Amino acid sequence: MAEAVVELLERAARREAPLEELRALRLAVQAVPPTALRAHLSDDHLGALFALLSVNDREQVSACVSILERLLQALDPVYVIQNLREELQKGLFHPDDSVKILTISQVGRIVENSEGVTEILNSPELLRQIINCIGGEKIAVAKEAIKSLSRIAQTHDGLEALFVSNLLSDLKNVMATNDIVRYRVYELIVEISSVSADSLNYCANSGLISELIGELTGDDVLVRATCIEMVTSLAHTPHGRQYLAQQGVIDKISNIIVGAESDPFSGFYLPGFVKFFGNLAVVDSPQQICERYPVFMEKVFEMAESHDPTMIGVAVDTLGILGSNVEGKQVLQKTRTRFQNLLKRIGHQAKNAPTELRLRCLDAISSLLYLPPEQQTEDLLRMTESWFTSLSSQPLELFRSISTQPFPDLHCGALRVFTAIANQPWAQKLMLDTPGFVEYVVDRSVEPDKASKDAKYELVKALVNSKTIGEIFGNQYYLRLRAYLREGPYYVKAVSTTAVEGAE
């Protein structure tokens with residue numbers, strides 16, 4: 001097979017390969033292992049294929065791109081940059097986006113190699129054109145450019161090249177293309193800043209993070225909504241949070257939430273601002289965040305108590321995030337009756353709201369009710385039990401009724417609620433005392449698809465792995481659950497048939 005590929009490559013190199021042969025070559029190179037290809041490739045072969053990209057024939061260009069993708073993967077990335085620098089350079093100016101993506105992805109591969117990074121950094125024109133590709137119409141080209149530049153910035157020399165040279169001017173110039181491209185550059189800056197405190201310093205010194213924060217706290221409500229997502233990403237790292245706190249950004253976001261009361265357009269950005277604090281609370285300290293920024297908790301409750309499905313959804317998501325750890329659960333518990341009443345509303349929404357909101361409610365309930373075994377103190381178990389009973393007059397029946405509906409997403413969402421409480425003794429007693437519930441758990445016939453079978457298996461696994469299950473469920477049910485777990489999620493019981501003489 002390798003010989004046939006070489007023969008076709010030779011014909012391509014001599015420009016004797018018509019489109020049919022390029023199609024054949026495309027199929028052939030896919031069938032040959034890269035190691036077998038490497039031994040037969042020459043600069044002439046590759047140069048000829050790059051030259052064939054210059055024709056105005058989309059099908060030929062498409063065939064050549066597929067062939068080159070495969071062949072270049074077979075080569076050492078340093079070899080590619082040292083021997084095909086000019087071809088890569090031309091590829092970035094090609095009118096066909098697939099050629100640009102091929103070229104930029106090769107640069108991304110090259111910069112993963114320490115020697116390759118140096119070669120790329122010695123090609124400022126190449127870097128300049130990749131920066132310009134962020135401004136391309138095709139989002140796929142821009143995404144590939146962002147990915148490659150982000151990789152380049154993972155080295156000290158790469159940071160120097162991007163932020164302490166003329167390339168910074170190119171980055172700022174491309175931002176001026178339009179709003180969409182400006183946000184793409186912000187996305188790149190946040191991605192680079194998230195790597196380390198050193199990366200963040202370079203980005204901050206470039207002035208681009210200040211520009212992002214300026215837009216976040218500016219008057220344009222739609223711009224705010226876009227920028228808060230990027231600032232939230234920055235807050236996922238300790239050095240990012242420290243920077244935002246030092247710059248007073250967290251206080252500014254809190255003040256904007258306070259002022260949202262009198263802003264008729266706050267609905268555009270408020271969900272993002274509330275999510276920001278929800279994420280901040282989880283990665284930092286729920287108690288400290290909620291005590292320092294009381295407006296956050298108040299706004300979450302207000303949104304959850306409103307009649308706007310969009311606001312309810314964001315509030316429910318945020319409560320689920322906040323209550324995903326014990327400290328967050330204790331913060332919610334301190335609000336006493338207000339949270340208990342809110343749980344009743346969430347239980348009602350889980351049963352009656354449109355499907356998407358029902359799913360978000362089920363996920364939040366699972367997050368709120370789950371307690372790791374090592375944190376199951378008497379107080380916390382009493383708390384989760386009281387939360388569960390606040391959801392509905394008959395909560396177990398509520399979720400069982402949801403799990404029997406013919407919608408796989410809702411079915412799995414309800415099973416995840418059962419899985420969340422499955423390792424808590426009060427829930428096991430409730431399951432055992434509910435007629436037919438344990439039978440439902442071990443009944444494989446009610447799971448219509450793979451996702452449902454997997455979700456049911458997770459429930460069984462959570463029950464079996466609990467230390468209290470044997471004592472509470474008793475030997476008979478415990479052994480049935482053990483057998484289910486051993487047989488796996490997709491077990492089908494064999495049905496024996498007996499042949500009867502004379503039967504058709």
# chains A, B, ... in the order shown; residues from 1 in each chain; ligands from 1
call {"tool": "residues_around", "arguments": {"residues": "Glu119 in chain A", "least_positions_apart": "4", "cutoff": "8 Å", "atoms": "only C-alpha atoms", "output": "ChimeraX atom specification"}}
result
/A:78,81-82,115,123
call {"tool": "write_last_selection", "arguments": {"atoms": "C-alpha atoms", "output": "JSON list (two decimals), in the first residue's frame"}}
result
[["chain", "number", "residue", "atom", "x", "y", "z"],
["A", 78, "VAL", "CA", 10.11, 20.86, 13.91],
["A", 81, "ILE", "CA", 8.41, 24.45, 10.33],
["A", 82, "GLN", "CA", 12.03, 24.22, 9.18],
["A", 115, "GLU", "CA", 12.23, 23.68, 19.72],
["A", 123, "SER", "CA", 8.70, 34.00, 12.16]]
call {"tool": "closest_residue", "arguments": {"among": "A:Leu369, A:Leu41, A:Trp426, A:Gly347", "to": "Gln394 in chain A", "atoms": "only C-alpha atoms"}}
result
A:Gly347
call {"tool": "residues_around", "arguments": {"residues": "Phe418 in chain A", "least_positions_apart": "2", "cutoff": "9 Å", "atoms": "only C-alpha atoms", "output": "PyMOL selection string"}}
result
chain A and resi 366+396+399-400+414-416+420-422+427+459
call {"tool": "residues_around", "arguments": {"residues": "range 130-132 of chain A", "least_positions_apart": "6", "cutoff": "9 Å", "atoms": "only C-alpha atoms", "output": "PyMOL selection string"}}
result
chain A and resi 92+104+142+145-146+148-149+167+170-171+173-174
call {"tool": "write_last_selection", "arguments": {"atoms": "C-alpha atoms", "output": "PDB file, in the first residue's frame"}}
result
ATOM      1  CA  LEU A  92      -2.541  31.629   5.980  1.00  0.00           C
ATOM      2  CA  ILE A 104      -3.008  27.171  11.826  1.00  0.00           C
ATOM      3  CA  ALA A 142     -10.762  32.334  14.426  1.00  0.00           C
ATOM      4  CA  ALA A 145      -6.053  30.963  15.625  1.00  0.00           C
ATOM      5  CA  ILE A 146      -7.023  31.600  19.270  1.00  0.00           C
ATOM      6  CA  SER A 148      -2.618  28.321  18.541  1.00  0.00           C
ATOM      7  CA  LEU A 149      -1.844  31.756  20.033  1.00  0.00           C
ATOM      8  CA  LEU A 167       2.512  42.013  17.677  1.00  0.00           C
ATOM      9  CA  ASP A 170      -1.491  43.866  15.570  1.00  0.00           C
ATOM     10  CA  LEU A 171      -3.668  42.375  18.300  1.00  0.00           C
ATOM     11  CA  ASN A 173      -5.629  46.573  15.377  1.00  0.00           C
ATOM     12  CA  VAL A 174      -7.549  43.360  14.751  1.00  0.00           C
TER      13      VAL A 174
END
call {"tool": "atom_distance", "arguments": {"atom1": "CA of Ile250 in chain A", "atom2": "CA of Gln288 in chain A"}}
result
13.1 Å
